[in-house]
$ cat final_1.tsv   # TSV, C-alpha atoms and all ligand atoms
chain	number	residue	atom	x	y	z
A	1	MET	CA	-0.08	-23.88	44.30
A	2	THR	CA	-1.43	-23.48	40.76
A	3	THR	CA	-1.58	-26.41	38.38
A	4	VAL	CA	-0.92	-26.30	34.66
A	5	GLN	CA	-4.61	-26.92	34.01
A	6	GLN	CA	-5.74	-24.07	36.28
A	7	SER	CA	-3.27	-21.71	34.63
A	8	LEU	CA	-4.43	-22.73	31.16
A	9	ARG	CA	-8.04	-22.06	32.12
A	10	ALA	CA	-7.14	-18.62	33.47
A	11	ALA	CA	-5.15	-17.87	30.31
A	12	ASN	CA	-8.03	-18.98	28.07
A	13	LYS	CA	-10.26	-16.43	29.82
A	14	VAL	CA	-7.72	-13.63	29.33
A	15	LEU	CA	-7.30	-14.46	25.63
A	16	ALA	CA	-11.05	-14.83	25.04
A	17	ALA	CA	-11.66	-11.43	26.66
A	18	ALA	CA	-9.06	-9.95	24.28
A	19	ASP	CA	-10.80	-11.59	21.24
A	20	ILE	CA	-7.74	-13.64	20.32
A	21	PRO	CA	-8.87	-16.29	17.84
A	22	ASP	CA	-7.92	-19.83	18.88
A	23	GLY	CA	-6.84	-18.69	22.36
A	24	PRO	CA	-6.71	-22.21	23.88
A	25	ARG	CA	-4.24	-23.37	21.20
A	26	ASP	CA	-2.07	-20.29	21.79
A	27	ALA	CA	-2.22	-20.82	25.57
A	28	ARG	CA	-0.95	-24.39	25.14
A	29	ARG	CA	1.92	-23.20	22.94
A	30	LEU	CA	2.86	-20.54	25.51
A	31	MET	CA	2.62	-23.07	28.34
A	32	ALA	CA	4.81	-25.50	26.40
A	33	ALA	CA	7.44	-22.77	26.07
A	34	ALA	CA	7.24	-21.93	29.79
A	35	LEU	CA	7.72	-25.62	30.67
A	36	ASN	CA	10.29	-26.19	27.95
A	37	THR	CA	8.28	-28.98	26.37
A	38	ARG	CA	6.20	-29.56	23.23
A	39	PRO	CA	2.54	-28.43	22.99
A	40	ASP	CA	1.42	-32.01	22.37
A	41	ARG	CA	2.99	-33.04	25.72
A	42	ILE	CA	0.96	-30.53	27.77
A	43	THR	CA	-1.92	-32.96	28.35
A	44	LEU	CA	0.52	-35.18	30.27
A	45	CYS	CA	1.40	-32.32	32.67
A	46	LEU	CA	-2.07	-30.95	33.43
A	47	ASN	CA	-1.94	-31.85	37.13
A	48	ASN	CA	1.64	-30.68	37.66
A	49	ALA	CA	2.20	-27.60	39.80
A	50	LEU	CA	3.82	-24.55	38.21
A	51	ASP	CA	6.61	-23.01	40.25
A	52	ALA	CA	6.54	-19.25	40.79
A	53	ALA	CA	9.01	-18.49	37.98
A	54	GLU	CA	7.14	-20.66	35.44
A	55	GLU	CA	3.82	-19.08	36.40
A	56	LYS	CA	5.22	-15.56	36.10
A	57	ALA	CA	6.83	-16.27	32.72
A	58	PHE	CA	3.66	-17.88	31.41
A	59	PHE	CA	1.29	-15.08	32.42
A	60	ALA	CA	3.67	-12.40	31.12
A	61	LYS	CA	3.49	-14.07	27.71
A	62	VAL	CA	-0.30	-14.47	27.93
A	63	ASP	CA	-0.52	-10.76	28.67
A	64	ASP	CA	1.63	-9.94	25.60
A	65	ARG	CA	-0.44	-12.30	23.46
A	66	SER	CA	-3.64	-10.60	24.63
A	67	LYS	CA	-2.19	-7.36	23.20
A	68	GLY	CA	-1.74	-9.06	19.81
A	69	ARG	CA	1.91	-10.13	19.82
A	70	PRO	CA	2.24	-13.31	17.70
A	71	VAL	CA	2.97	-16.53	19.56
A	72	SER	CA	6.02	-17.17	17.36
A	73	HIS	CA	7.61	-13.92	18.60
A	74	LEU	CA	6.86	-14.83	22.21
A	75	VAL	CA	8.32	-18.31	22.00
A	76	GLY	CA	11.08	-17.48	19.49
A	77	GLY	CA	9.86	-19.48	16.54
A	78	ARG	CA	7.43	-22.00	15.16
A	79	ASP	CA	7.14	-25.41	13.55
A	80	PHE	CA	7.06	-25.56	9.78
A	81	TYR	CA	6.99	-28.87	7.91
A	82	ASP	CA	8.11	-30.69	11.07
A	83	ARG	CA	11.08	-28.42	11.73
A	84	TRP	CA	11.51	-25.60	14.21
A	85	PHE	CA	12.25	-22.19	12.63
A	86	PHE	CA	13.57	-19.15	14.45
A	87	VAL	CA	11.20	-16.24	13.72
A	88	ASN	CA	11.29	-12.59	14.76
A	89	GLU	CA	9.70	-9.28	13.73
A	90	ASP	CA	11.95	-9.06	10.63
A	91	VAL	CA	10.23	-11.95	8.83
A	92	LEU	CA	6.82	-13.30	7.97
A	93	ASP	CA	5.73	-15.98	10.41
A	94	PRO	CA	5.82	-19.05	8.09
A	95	ARG	CA	2.24	-20.24	7.57
A	96	PRO	CA	0.90	-23.81	7.54
A	97	GLU	CA	-0.58	-23.19	4.05
A	98	THR	CA	2.94	-22.59	2.71
A	99	GLU	CA	3.67	-26.23	3.52
A	100	MET	CA	1.60	-27.01	0.41
A	101	LEU	CA	4.16	-25.18	-1.75
A	102	VAL	CA	6.92	-27.27	-0.14
A	103	GLN	CA	4.96	-30.46	-0.74
A	104	VAL	CA	4.39	-29.65	-4.42
A	105	ALA	CA	8.05	-28.67	-4.82
A	106	LEU	CA	9.17	-31.98	-3.32
A	107	SER	CA	7.23	-33.81	-6.03
A	108	ALA	CA	9.64	-32.28	-8.59
A	109	ARG	CA	13.17	-33.34	-9.44
A	110	PHE	CA	15.70	-30.60	-8.81
A	111	GLY	CA	19.40	-30.27	-8.22
A	112	ASP	CA	19.23	-26.57	-7.49
A	113	VAL	CA	16.49	-24.20	-6.40
A	114	LEU	CA	15.96	-20.45	-6.22
A	115	ASP	CA	13.65	-19.17	-3.45
A	116	LEU	CA	12.58	-15.58	-4.18
A	117	GLY	CA	11.57	-13.60	-1.06
A	118	THR	CA	12.93	-16.27	1.26
A	119	GLY	CA	12.06	-14.45	4.54
A	120	SER	CA	12.80	-16.86	7.42
A	121	GLY	CA	14.18	-19.31	4.84
A	122	ALA	CA	11.44	-21.80	5.77
A	123	ILE	CA	10.83	-22.94	2.18
A	124	LEU	CA	14.44	-23.11	1.01
A	125	VAL	CA	15.80	-24.70	4.18
A	126	THR	CA	13.04	-27.33	4.22
A	127	LEU	CA	13.67	-28.20	0.56
A	128	LEU	CA	17.42	-28.50	1.03
A	129	ALA	CA	17.00	-30.56	4.19
A	130	ALA	CA	14.76	-32.96	2.26
A	131	ARG	CA	17.17	-33.20	-0.70
A	132	PRO	CA	20.62	-33.75	0.76
A	133	THR	CA	22.52	-33.19	-2.49
A	134	ALA	CA	20.62	-30.12	-3.71
A	135	THR	CA	21.92	-26.56	-3.53
A	136	GLY	CA	19.93	-23.36	-3.35
A	137	VAL	CA	19.86	-19.58	-3.40
A	138	GLY	CA	17.51	-17.53	-1.25
A	139	THR	CA	16.93	-13.87	-2.03
A	140	ASP	CA	15.13	-11.12	-0.19
A	141	ILE	CA	14.91	-7.34	-0.38
A	142	SER	CA	15.42	-7.32	3.40
A	143	GLN	CA	18.93	-7.84	4.79
A	144	ALA	CA	17.42	-8.38	8.25
A	145	ALA	CA	15.25	-11.21	6.91
A	146	LEU	CA	18.28	-12.87	5.34
A	147	ARG	CA	20.03	-12.90	8.73
A	148	VAL	CA	17.10	-14.95	10.04
A	149	ALA	CA	17.23	-17.26	7.00
A	150	ALA	CA	20.98	-17.83	7.45
A	151	ARG	CA	20.44	-18.69	11.13
A	152	ASN	CA	17.75	-21.23	10.17
A	153	ALA	CA	19.96	-22.72	7.45
A	154	ALA	CA	22.72	-23.22	10.03
A	155	ALA	CA	20.28	-24.70	12.57
A	156	HIS	CA	19.14	-27.30	10.04
A	157	ASP	CA	22.61	-28.05	8.76
A	158	VAL	CA	22.11	-26.84	5.17
A	159	ALA	CA	24.17	-23.63	5.36
A	160	ALA	CA	26.94	-25.10	3.19
A	161	ARG	CA	24.43	-25.70	0.38
A	162	ALA	CA	22.50	-22.40	0.70
A	163	ALA	CA	23.53	-18.94	-0.48
A	164	PHE	CA	21.59	-15.86	0.59
A	165	ARG	CA	21.56	-12.61	-1.34
A	166	VAL	CA	19.89	-9.23	-0.98
A	167	SER	CA	18.08	-8.76	-4.27
A	168	ASP	CA	15.02	-7.08	-5.70
A	169	TRP	CA	13.53	-10.32	-7.11
A	170	TYR	CA	16.04	-11.40	-9.82
A	171	ALA	CA	18.16	-8.21	-9.84
A	172	ARG	CA	21.22	-9.88	-8.28
A	173	VAL	CA	20.57	-13.48	-9.27
A	174	GLU	CA	22.91	-15.15	-11.73
A	175	GLY	CA	22.48	-18.38	-13.64
A	176	ALA	CA	19.62	-20.77	-14.24
A	177	PHE	CA	17.93	-23.25	-11.86
A	178	ASP	CA	15.87	-26.44	-12.08
A	179	LEU	CA	13.25	-24.98	-9.78
A	180	ILE	CA	12.10	-21.49	-8.76
A	181	VAL	CA	9.78	-21.14	-5.76
A	182	ALA	CA	8.26	-18.01	-4.27
A	183	ASN	CA	5.71	-16.97	-1.70
A	184	PRO	CA	5.63	-13.25	-2.49
A	185	PRO	CA	3.65	-10.46	-0.78
A	186	TYR	CA	0.20	-10.93	-2.33
A	187	ILE	CA	-2.24	-8.94	-0.19
A	188	ALA	CA	-3.71	-5.98	-2.03
A	189	ALA	CA	-3.25	-2.56	-0.39
A	190	ASP	CA	-6.99	-2.14	0.16
A	191	GLU	CA	-7.17	-5.49	2.02
A	192	MET	CA	-4.56	-4.54	4.63
A	193	ASP	CA	-6.97	-2.84	7.04
A	194	GLY	CA	-9.03	-6.05	7.25
A	195	LEU	CA	-6.13	-8.17	8.56
A	196	GLN	CA	-5.95	-9.43	12.15
A	197	PRO	CA	-3.95	-6.99	14.33
A	198	ASP	CA	-1.20	-9.57	15.03
A	199	VAL	CA	-0.53	-9.78	11.28
A	200	ARG	CA	-0.98	-6.11	10.44
A	201	LEU	CA	0.97	-4.68	13.39
A	202	TYR	CA	3.69	-7.24	14.02
A	203	GLU	CA	4.73	-8.65	10.64
A	204	PRO	CA	6.85	-6.66	8.14
A	205	ARG	CA	4.54	-4.77	5.79
A	206	ILE	CA	6.86	-5.50	2.86
A	207	ALA	CA	6.27	-9.22	3.44
A	208	LEU	CA	2.52	-8.82	3.18
A	209	THR	CA	1.57	-6.35	0.48
A	210	ASP	CA	2.81	-4.91	-2.82
A	211	GLU	CA	0.89	-1.70	-1.92
A	212	ALA	CA	-1.08	-2.22	-5.15
A	213	ASP	CA	-3.40	-4.95	-6.50
A	214	GLY	CA	-1.57	-7.91	-4.91
A	215	LEU	CA	-0.24	-9.18	-8.26
A	216	THR	CA	2.84	-6.96	-8.79
A	217	ALA	CA	5.32	-9.58	-7.55
A	218	TYR	CA	3.83	-12.31	-9.77
A	219	ARG	CA	4.23	-10.12	-12.84
A	220	LYS	CA	7.94	-9.67	-12.05
A	221	ILE	CA	8.56	-13.26	-10.99
A	222	VAL	CA	6.86	-14.73	-14.06
A	223	ALA	CA	8.53	-12.27	-16.44
A	224	GLY	CA	12.02	-13.04	-15.10
A	225	ALA	CA	11.62	-16.82	-14.74
A	226	PRO	CA	12.43	-17.81	-18.35
A	227	THR	CA	15.97	-16.42	-18.09
A	228	HIS	CA	16.54	-18.13	-14.72
A	229	LEU	CA	15.08	-21.59	-15.45
A	230	ARG	CA	16.74	-24.44	-17.30
A	231	ALA	CA	14.75	-26.05	-20.10
A	232	GLY	CA	12.11	-28.23	-18.45
A	233	GLY	CA	12.52	-26.38	-15.13
A	234	GLN	CA	9.55	-25.45	-12.98
A	235	LEU	CA	8.16	-22.27	-11.45
A	236	MET	CA	5.96	-22.69	-8.36
A	237	VAL	CA	4.34	-19.81	-6.52
A	238	GLU	CA	2.05	-19.56	-3.54
A	239	ILE	CA	-1.03	-17.43	-4.21
A	240	GLY	CA	-3.92	-15.89	-2.32
A	241	PRO	CA	-7.13	-17.91	-2.79
A	242	THR	CA	-8.63	-15.45	-5.31
A	243	GLN	CA	-5.55	-15.11	-7.52
A	244	ALA	CA	-5.45	-18.46	-9.37
A	245	ALA	CA	-7.04	-17.22	-12.61
A	246	ALA	CA	-4.79	-14.16	-12.87
A	247	VAL	CA	-1.57	-16.05	-12.12
A	248	THR	CA	-2.32	-19.06	-14.36
A	249	HIS	CA	-3.12	-16.62	-17.17
A	250	MET	CA	0.20	-14.81	-16.62
A	251	MET	CA	2.18	-18.05	-16.69
A	252	SER	CA	0.45	-19.49	-19.76
A	253	LYS	CA	0.87	-16.20	-21.63
A	254	ALA	CA	4.60	-16.17	-20.77
A	255	GLY	CA	5.01	-19.59	-22.42
A	256	PHE	CA	4.86	-21.97	-19.44
A	257	GLU	CA	3.40	-25.43	-20.07
A	258	ARG	CA	1.36	-27.75	-17.80
A	259	VAL	CA	0.20	-24.78	-15.73
A	260	LYS	CA	-1.68	-26.20	-12.76
A	261	VAL	CA	-3.38	-24.95	-9.58
A	262	HIS	CA	-3.05	-26.96	-6.34
A	263	PRO	CA	-5.49	-26.42	-3.46
A	264	ASP	CA	-4.41	-26.31	0.19
A	265	LEU	CA	-5.80	-28.63	2.88
A	266	ASP	CA	-8.82	-26.33	3.30
A	267	GLY	CA	-9.61	-26.67	-0.42
A	268	ARG	CA	-8.58	-23.11	-1.32
A	269	ASP	CA	-6.44	-22.44	-4.40
A	270	ARG	CA	-2.91	-22.10	-2.99
A	271	VAL	CA	-0.10	-22.98	-5.40
A	272	VAL	CA	0.32	-22.38	-9.13
A	273	CYS	CA	3.06	-24.23	-10.95
A	274	GLY	CA	4.18	-24.40	-14.55
A	275	GLN	CA	6.98	-25.96	-16.55
A	276	TRP	CA	9.31	-24.08	-18.82
A	277	PRO	CA	9.36	-26.01	-22.15
A	278	GLU	CA	11.87	-28.86	-22.53
A	279	ASN	CA	12.92	-27.43	-25.91
A	280	ALA	CA	13.17	-23.87	-24.56
A	281	ASP	CA	16.95	-23.61	-25.20
A	282	GLN	CA	16.42	-24.47	-28.88
A	283	ASN	CA	13.70	-21.80	-29.10
A	284	ARG	CA	15.97	-19.26	-27.45
A	285	GLY	CA	18.36	-19.95	-30.33
B	301	LIG	C1	5.06	-13.49	2.08
B	301	LIG	S1	6.73	-13.27	2.62
B	301	LIG	C2	7.33	-14.93	2.42
B	301	LIG	C3	8.47	-15.29	3.30
B	301	LIG	C4	8.84	-16.79	3.25
B	301	LIG	N1	9.25	-17.15	1.91
B	301	LIG	C5	7.69	-17.64	3.70
B	301	LIG	O1	7.05	-18.26	2.84
B	301	LIG	O2	7.42	-17.71	4.91
B	301	LIG	C6	7.41	-12.39	1.23
B	301	LIG	C7	8.89	-12.09	1.31
B	301	LIG	O3	9.25	-11.36	0.12
B	301	LIG	C8	10.17	-10.35	0.45
B	301	LIG	N2	10.10	-9.30	-0.57
B	301	LIG	C9	9.22	-8.27	-0.68
B	301	LIG	N3	9.49	-7.52	-1.77
B	301	LIG	C10	10.59	-8.08	-2.35
B	301	LIG	C11	11.36	-7.76	-3.51
B	301	LIG	N4	11.06	-6.71	-4.29
B	301	LIG	N5	12.40	-8.55	-3.83
B	301	LIG	C12	12.71	-9.64	-3.05
B	301	LIG	N6	12.03	-9.98	-1.95
B	301	LIG	C13	10.97	-9.23	-1.59
B	301	LIG	C14	9.74	-9.89	1.84
B	301	LIG	O4	10.80	-9.24	2.51
B	301	LIG	C15	9.33	-11.23	2.47
B	301	LIG	O5	10.42	-11.83	3.14

$ encode --input "final_1.tsv" --output "structure tokens"
Amino acid sequence: MTTVQQSLRAANKVLAAADIPDGPRDARRLMAAALNTRPDRITLCLNNALDAAEEKAFFAKVDDRSKGRPVSHLVGGRDFYDRWFFVNEDVLDPRPETEMLVQVALSARFGDVLDLGTGSGAILVTLLAARPTATGVGTDISQAALRVAARNAAAHDVAARAAFRVSDWYARVEGAFDLIVANPPYIAADEMDGLQPDVRLYEPRIALTDEADGLTAYRKIVAGAPTHLRAGGQLMVEIGPTQAAAVTHMMSKAGFERVKVHPDLDGRDRVVCGQWPENADQNRG
């Protein structure tokens, strides 16, 4: 008989030998999936015995994780802003730091929202779930990603208020919104080789990099925002920690007001937001 605790210890050794960062946390998430419970409940089961099927399922996943497969792919999803999102190899695994973009967005008033590069739909679905009367559009260049987003919208009961569209940024977006959010691919091409293998090998390359300097998407998103924002509307983008100066400059130069950088919980620059002027419609003539 093997207990949960003994199995976790054995798994920690396997993951440490494979140089998996934060192996014990991953082992707990995999154990929670094997036992069909939540990771924060594992401590209560430490002395329980695993049956043969649970043990086999757990160690098969530990083995996959030791080869670099992301935990979210092994357990079918992950938590984001207190909700469970289905995730597969077609989408970026939604990151905890993106929760900061959601938090900043929820400080704004909006009746409708455009999420550019929606991926799993984590941002759009969370915003719509938090604002029960709001509507939204999620776009992505990847049809496969949009299938994941639509599944998550249905799971969180916002499908009737969310539309998903294949689009190269604004190419197939009509109308103007109160709020535009985006977490675009912002890793520069020459930084790709330095990424952890589970990111580099298992997440869609198009979700990670613009194959250039990391700023291509911001140039397009900022340039197109004025025609897709109502007067007084806001643009909010997630950035890489070194990109704040470049993106704030872009937004100020394009005419945005109150351009501001928000740090994430680790103190790194993470979100840039700006407001399109209240009198913008008059200026447009
Ligand atoms: C960093 S991921 C973000 C996914 C999701 N919004 C999140 O925060 O977890 C960037 C997303 O942008 C999409 N994307 C890349 N190039 C695009 C383009 N030209 N037009 C629209 N979406 C694009 C990718 O497919 C990917 O889903």

$ closest_atom_pairs --input "final_1.tsv" --of "chain A" --to "ligand LIG 301 (chain B)" --cutoff "7 Å" --atoms "all atoms listed in the file" --output "CSV"
residue,atom,partner,partner_atom,distance
A:Val91,CA,B:LIG301,O5,5.7
A:Leu92,CA,B:LIG301,C3,5.3
A:Asp93,CA,B:LIG301,O2,6.0
A:Pro94,CA,B:LIG301,O2,3.8
A:Arg95,CA,B:LIG301,O2,6.3
A:Thr98,CA,B:LIG301,O1,6.0
A:Leu116,CA,B:LIG301,C12,6.0
A:Gly117,CA,B:LIG301,O3,3.4
A:Thr118,CA,B:LIG301,N1,3.8
A:Gly119,CA,B:LIG301,O5,3.4
A:Ser120,CA,B:LIG301,C4,5.8
A:Gly121,CA,B:LIG301,C4,6.1
A:Ala122,CA,B:LIG301,O2,5.8
A:Ile123,CA,B:LIG301,N1,6.0
A:Thr139,CA,B:LIG301,C12,6.1
A:Asp140,CA,B:LIG301,N6,3.7
A:Ile141,CA,B:LIG301,C12,4.2
A:Ser142,CA,B:LIG301,O4,5.1
A:Ala145,CA,B:LIG301,O5,6.2
A:Ser167,CA,B:LIG301,C12,5.6
A:Asp168,CA,B:LIG301,N5,3.5
A:Trp169,CA,B:LIG301,N5,3.9
A:Ala182,CA,B:LIG301,N1,6.3
A:Asn183,CA,B:LIG301,C2,4.9
A:Pro184,CA,B:LIG301,C6,4.2
A:Pro185,CA,B:LIG301,C1,4.4
A:Ile206,CA,B:LIG301,C9,5.1
A:Ala207,CA,B:LIG301,C15,3.8
A:Leu208,CA,B:LIG301,C1,5.4

$ atom_distance --input "final_1.tsv" --atom1 "CA of Leu50 in chain A" --atom2 "CA of Val4 in chain A"
6.2 Å

$ closest_residue --input "final_1.tsv" --among "A:Glu211, A:Asp157, A:Glu174, A:Asp26" --to "Lys61 in chain A" --atoms "only C-alpha atoms"
A:Asp26

$ closest_atom_pairs --input "final_1.tsv" --of "range 90-117 of chain A" --to "range 128-132 of chain A" --cutoff "9 Å" --atoms "all atoms listed in the file" --output "CSV"
residue,atom,partner,partner_atom,distance
A:Leu106,CA,A:Ala130,CA,8.0
A:Phe110,CA,A:Arg131,CA,8.6
A:Gly111,CA,A:Arg131,CA,8.4
A:Asp112,CA,A:Leu128,CA,8.9
A:Val113,CA,A:Leu128,CA,8.6

$ closest_residue --input "final_1.tsv" --among "A:Thr248, A:Gln196, A:Gln5, A:Asn12" --to "Tyr218 in chain A" --atoms "all atoms listed in the file"
A:Thr248

$ atom_distance --input "final_1.tsv" --atom1 "CA of Ile239 in chain A" --atom2 "CA of Arg270 in chain A"
5.2 Å
